[in-house]
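For reference, the structure discussed in these notes is given below.
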Amino acid sequence: MSLKIYELEHSPYCIPITQALIALGVDFESVVVPSGDRSAVIQATKGAYYQVPVLEHGDRVIYESSDRSLDIAHYIDNEFADGRLFPADSGGLQEILVEHIENEVEGYTFRLCDIHYLPAIDDLVGRTMSVRHKERRFGRDCIDRWRANKMNLKAELDRLLARFDQTLRHREFLLGTVPQYVDFALLGVIGNYTYRGYNKLSEDQKALATWVERIRDFRYY
């Protein structure tokens, strides 16, 4: 059964899904969606959804039911991972950590990425639509405000990432010797932050940098 994922390459929510599939050895087709044109996603979901990621698995189309759901990740876990991504004995802890990563941490990483990524979009219409999308949510001239405040944003992000770096000095992955979904969620925000080399992890986050290489190379089979 064919598997297709509609994604933005730098999305902190797409990276965990694609990396988990790679770690599981699952073949999939990637459809990269232009930043300012979500028509492919809208068509795939018959107008029900416009965000990414979206999965097409055979005749099934899977997308998130709410801003805080993990429907796609759980679908992959059920279909391909035999419960490895969400083992029962770490369920509550994973929910706490993933929510923290995808809200507090991501709130800093996407801003520090977007101040570089959005101005670099070549297509004028795509760039304008992407900027307007951000401004509708965060206010006019938000990109300029984030750029002016980037040192404070970076300092606060480093404070949050230091906790993960400390944890990874003593274990291979966040919750043990094998990655769970929370690891891929953390990779997603770091992958977004470091996209195209726009930003780098701080030099004192050596355990975190080593973990990034480890999880990218990890295969379940």
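Residues in the structure tokens are named by chain (A, B, ... in the order shown) and by number from 1 within that chain; ligands are numbered from 1 in the order shown.
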Give me, as a PyMOL selection string, all polymer residues having an atom no more than 9 Å from Phe173 of chain A, counting only C-alpha atoms and skipping those fewer than 3 positions away in the same chain. chain A and resi 167-168+170+176-180+183+211+214-215
Writing out the chosen residues with C-alpha atoms as a CSV table (one decimal), in the first residue's frame:
```
chain,number,residue,atom,x,y,z
A,167,THR,CA,19.4,14.7,30.2
A,168,LEU,CA,21.2,13.4,27.2
A,170,HIS,CA,23.4,10.4,30.8
A,176,GLY,CA,15.9,5.3,27.5
A,177,THR,CA,18.0,3.3,25.1
A,178,VAL,CA,15.6,3.4,22.2
A,179,PRO,CA,13.9,6.5,20.7
A,180,GLN,CA,10.2,7.2,21.3
A,183,ASP,CA,12.8,12.1,20.5
A,211,TRP,CA,22.1,12.9,20.1
A,214,ARG,CA,22.5,9.4,16.8
A,215,ILE,CA,18.8,9.7,16.2
```
Can you list, as a list in words, every protein, DNA or RNA residue that comes within 9 Å of Glu64 of chain A when you count only C-alpha atoms, leaving out same-chain residues fewer than 4 positions away? Tyr49, Gln51, Val52, Pro53, Val54, Arg68, Ser69, Leu70, Asp71 and Ile72 of chain A
When you look at Tyr181 of chain A with a cut-off of 9 Å (counting only C-alpha atoms), what residues show up, excluding the ones that are within fewer than 6 positions of it in the same chain? I need them as a ChimeraX atom specification. /A:16,20,73,77,84-86,94,98
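Of the listed residues A:Asp204, A:Arg196, A:Ile5, A:Val182, the one whose atoms come nearest to Ile101 of chain A is A:Val182, with distances taken using only C-alpha atoms.
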Run DSSP on the backbone of this structure and report the residues of segment 91-220 of chain A it assigns to alpha helix (DSSP H), as JSON, numbers by chain. {"A": [91, 92, 93, 94, 95, 96, 97, 98, 99, 100, 106, 107, 108, 109, 110, 111, 112, 113, 114, 115, 116, 117, 124, 125, 126, 127, 128, 129, 130, 131, 132, 133, 134, 135, 136, 137, 138, 142, 143, 144, 145, 146, 147, 148, 150, 151, 152, 153, 154, 155, 156, 157, 158, 159, 160, 161, 162, 163, 164, 165, 166, 167, 168, 181, 182, 183, 184, 185, 186, 187, 188, 189, 190, 191, 192, 193, 206, 207, 208, 209, 210, 211, 212, 213, 214, 215, 216, 217]}
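Non-sequential neighbours of Asp217 of chain A (distance at most 10 Å, separation of 4 or more positions within a chain, only C-alpha atoms) are Gln19, Ile22, Ala23, Trp211, Val212 and Glu213 of chain A.
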Mind checking which residues fall within 7 Å of segment 134-148 of chain A, counting only C-alpha atoms, ignoring those fewer than 3 positions away in the same chain, and posting them as a PyMOL selection string? chain A and resi 111+115+130-131
Selected residues written out, N, CA and C atoms, as an mmCIF file, in the first residue's frame:
```
data_model
loop_
_atom_site.group_PDB
_atom_site.id
_atom_site.type_symbol
_atom_site.label_atom_id
_atom_site.label_comp_id
_atom_site.auth_asym_id
_atom_site.auth_seq_id
_atom_site.Cartn_x
_atom_site.Cartn_y
_atom_site.Cartn_z
ATOM 1 N N ARG A 111 10.477 31.067 15.319
ATOM 2 C CA ARG A 111 10.748 32.498 15.143
ATOM 3 C C ARG A 111 12.175 32.717 14.655
ATOM 4 N N ILE A 115 12.883 34.285 10.640
ATOM 5 C CA ILE A 115 13.523 35.561 10.321
ATOM 6 C C ILE A 115 14.513 35.408 9.163
ATOM 7 N N SER A 130 3.079 33.887 2.830
ATOM 8 C CA SER A 130 3.647 33.299 4.041
ATOM 9 C C SER A 130 3.808 34.344 5.134
ATOM 10 N N VAL A 131 4.296 35.517 4.774
ATOM 11 C CA VAL A 131 4.451 36.597 5.758
ATOM 12 C C VAL A 131 3.085 37.035 6.280
#
```
Which polymer residues have any atom within 7 Å of an atom of Gly58 of chain A, counting only C-alpha atoms, with same-chain residues fewer than 5 positions away left out, as a PyMOL selection string? chain A and resi 1-3
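The residue that comes closest to Pro12 of chain A, out of A:Gln205, A:Phe80, A:Asn103, A:Lys46 and on the basis of only C-alpha atoms, is A:Asn103.
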Calculated over only C-alpha atoms, which of the candidates A:Ala155, A:Arg171, A:His116, A:Leu160 has the smallest distance to His100 of chain A? A:Leu160
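Non-sequential neighbours of Ala44 of chain A (distance at most 12 Å, separation of 2 or more positions within a chain, only C-alpha atoms) are Lys4, Ile5, Tyr6, Val31, Val33, Arg38, Ser39, Ala40, Val41, Ile42, Lys46, Gly47, Ala48, Tyr49, Tyr50, Gln51, Val52, Pro53, Val54, Leu55, Glu56, His57, Asp59, Arg60, Val61, Ile62 and Tyr63 of chain A.
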Go ahead and save the residues from that selection, with N, CA and C atoms, as a PDB file, in the first residue's frame.
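File selection.pdb, as written:
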```
ATOM      1  N   LYS A   4       2.187   8.359   1.102  1.00  0.00           N
ATOM      2  CA  LYS A   4       2.613   9.662   0.621  1.00  0.00           C
ATOM      3  C   LYS A   4       2.475  10.656   1.768  1.00  0.00           C
ATOM      4  N   ILE A   5       3.446  11.565   1.895  1.00  0.00           N
ATOM      5  CA  ILE A   5       3.378  12.601   2.918  1.00  0.00           C
ATOM      6  C   ILE A   5       3.514  13.962   2.260  1.00  0.00           C
ATOM      7  N   TYR A   6       2.556  14.822   2.546  1.00  0.00           N
ATOM      8  CA  TYR A   6       2.610  16.219   2.116  1.00  0.00           C
ATOM      9  C   TYR A   6       3.283  17.001   3.236  1.00  0.00           C
ATOM     10  N   VAL A  31       5.852  14.786  -0.839  1.00  0.00           N
ATOM     11  CA  VAL A  31       5.340  15.863  -1.683  1.00  0.00           C
ATOM     12  C   VAL A  31       5.612  17.167  -0.938  1.00  0.00           C
ATOM     13  N   VAL A  33       5.294  20.840  -0.222  1.00  0.00           N
ATOM     14  CA  VAL A  33       4.249  21.825  -0.479  1.00  0.00           C
ATOM     15  C   VAL A  33       4.865  23.223  -0.457  1.00  0.00           C
ATOM     16  N   ARG A  38      -1.076  26.016  -0.596  1.00  0.00           N
ATOM     17  CA  ARG A  38      -1.482  24.765   0.052  1.00  0.00           C
ATOM     18  C   ARG A  38      -2.523  24.000  -0.771  1.00  0.00           C
ATOM     19  N   SER A  39      -2.625  24.283  -2.065  1.00  0.00           N
ATOM     20  CA  SER A  39      -3.676  23.678  -2.877  1.00  0.00           C
ATOM     21  C   SER A  39      -3.565  22.160  -2.911  1.00  0.00           C
ATOM     22  N   ALA A  40      -2.346  21.602  -2.893  1.00  0.00           N
ATOM     23  CA  ALA A  40      -2.186  20.152  -2.929  1.00  0.00           C
ATOM     24  C   ALA A  40      -2.760  19.502  -1.678  1.00  0.00           C
ATOM     25  N   VAL A  41      -2.560  20.149  -0.529  1.00  0.00           N
ATOM     26  CA  VAL A  41      -3.105  19.630   0.731  1.00  0.00           C
ATOM     27  C   VAL A  41      -4.623  19.765   0.751  1.00  0.00           C
ATOM     28  N   ILE A  42      -5.114  20.895   0.284  1.00  0.00           N
ATOM     29  CA  ILE A  42      -6.559  21.120   0.262  1.00  0.00           C
ATOM     30  C   ILE A  42      -7.242  20.098  -0.640  1.00  0.00           C
ATOM     31  N   LYS A  46      -9.798  17.097   0.440  1.00  0.00           N
ATOM     32  CA  LYS A  46     -11.111  17.524  -0.057  1.00  0.00           C
ATOM     33  C   LYS A  46     -11.621  18.763   0.691  1.00  0.00           C
ATOM     34  N   GLY A  47     -10.705  19.669   0.946  1.00  0.00           N
ATOM     35  CA  GLY A  47     -11.056  20.940   1.557  1.00  0.00           C
ATOM     36  C   GLY A  47     -11.196  20.918   3.062  1.00  0.00           C
ATOM     37  N   ALA A  48     -10.922  19.776   3.694  1.00  0.00           N
ATOM     38  CA  ALA A  48     -11.114  19.663   5.141  1.00  0.00           C
ATOM     39  C   ALA A  48      -9.931  20.191   5.944  1.00  0.00           C
ATOM     40  N   TYR A  49      -8.774  20.415   5.308  1.00  0.00           N
ATOM     41  CA  TYR A  49      -7.552  20.728   6.052  1.00  0.00           C
ATOM     42  C   TYR A  49      -6.613  21.469   5.117  1.00  0.00           C
ATOM     43  N   TYR A  50      -5.741  22.322   5.678  1.00  0.00           N
ATOM     44  CA  TYR A  50      -4.786  23.021   4.823  1.00  0.00           C
ATOM     45  C   TYR A  50      -3.370  23.029   5.403  1.00  0.00           C
ATOM     46  N   GLN A  51      -3.192  22.436   6.577  1.00  0.00           N
ATOM     47  CA  GLN A  51      -1.878  22.443   7.196  1.00  0.00           C
ATOM     48  C   GLN A  51      -1.097  21.170   6.838  1.00  0.00           C
ATOM     49  N   VAL A  52       0.129  21.112   7.282  1.00  0.00           N
ATOM     50  CA  VAL A  52       0.970  19.935   7.058  1.00  0.00           C
ATOM     51  C   VAL A  52       1.497  19.446   8.409  1.00  0.00           C
ATOM     52  N   PRO A  53       1.835  18.154   8.479  1.00  0.00           N
ATOM     53  CA  PRO A  53       1.814  17.140   7.431  1.00  0.00           C
ATOM     54  C   PRO A  53       0.438  16.534   7.224  1.00  0.00           C
ATOM     55  N   VAL A  54       0.274  15.906   6.067  1.00  0.00           N
ATOM     56  CA  VAL A  54      -0.891  15.085   5.749  1.00  0.00           C
ATOM     57  C   VAL A  54      -0.373  13.785   5.155  1.00  0.00           C
ATOM     58  N   LEU A  55      -0.941  12.669   5.578  1.00  0.00           N
ATOM     59  CA  LEU A  55      -0.575  11.365   5.043  1.00  0.00           C
ATOM     60  C   LEU A  55      -1.666  10.848   4.122  1.00  0.00           C
ATOM     61  N   GLU A  56      -1.251  10.230   3.020  1.00  0.00           N
ATOM     62  CA  GLU A  56      -2.125   9.407   2.193  1.00  0.00           C
ATOM     63  C   GLU A  56      -1.587   7.986   2.258  1.00  0.00           C
ATOM     64  N   HIS A  57      -2.340   7.106   2.844  1.00  0.00           N
ATOM     65  CA  HIS A  57      -1.938   5.700   2.953  1.00  0.00           C
ATOM     66  C   HIS A  57      -2.990   4.869   2.229  1.00  0.00           C
ATOM     67  N   ASP A  59      -6.034   4.400   0.286  1.00  0.00           N
ATOM     68  CA  ASP A  59      -7.193   5.277   0.095  1.00  0.00           C
ATOM     69  C   ASP A  59      -7.552   6.059   1.352  1.00  0.00           C
ATOM     70  N   ARG A  60      -6.676   6.005   2.373  1.00  0.00           N
ATOM     71  CA  ARG A  60      -6.921   6.737   3.604  1.00  0.00           C
ATOM     72  C   ARG A  60      -6.112   8.029   3.633  1.00  0.00           C
ATOM     73  N   VAL A  61      -6.726   9.095   4.127  1.00  0.00           N
ATOM     74  CA  VAL A  61      -6.051  10.384   4.281  1.00  0.00           C
ATOM     75  C   VAL A  61      -6.098  10.740   5.760  1.00  0.00           C
ATOM     76  N   ILE A  62      -4.913  10.978   6.348  1.00  0.00           N
ATOM     77  CA  ILE A  62      -4.809  11.195   7.787  1.00  0.00           C
ATOM     78  C   ILE A  62      -4.240  12.579   8.044  1.00  0.00           C
ATOM     79  N   TYR A  63      -4.918  13.338   8.899  1.00  0.00           N
ATOM     80  CA  TYR A  63      -4.430  14.652   9.300  1.00  0.00           C
ATOM     81  C   TYR A  63      -4.882  14.903  10.731  1.00  0.00           C
TER      82      TYR A  63
END
```
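Taking atom CA of Leu118 of chain A and atom CA of Arg159 of chain A as endpoints, the distance between them is 25.3 Å.
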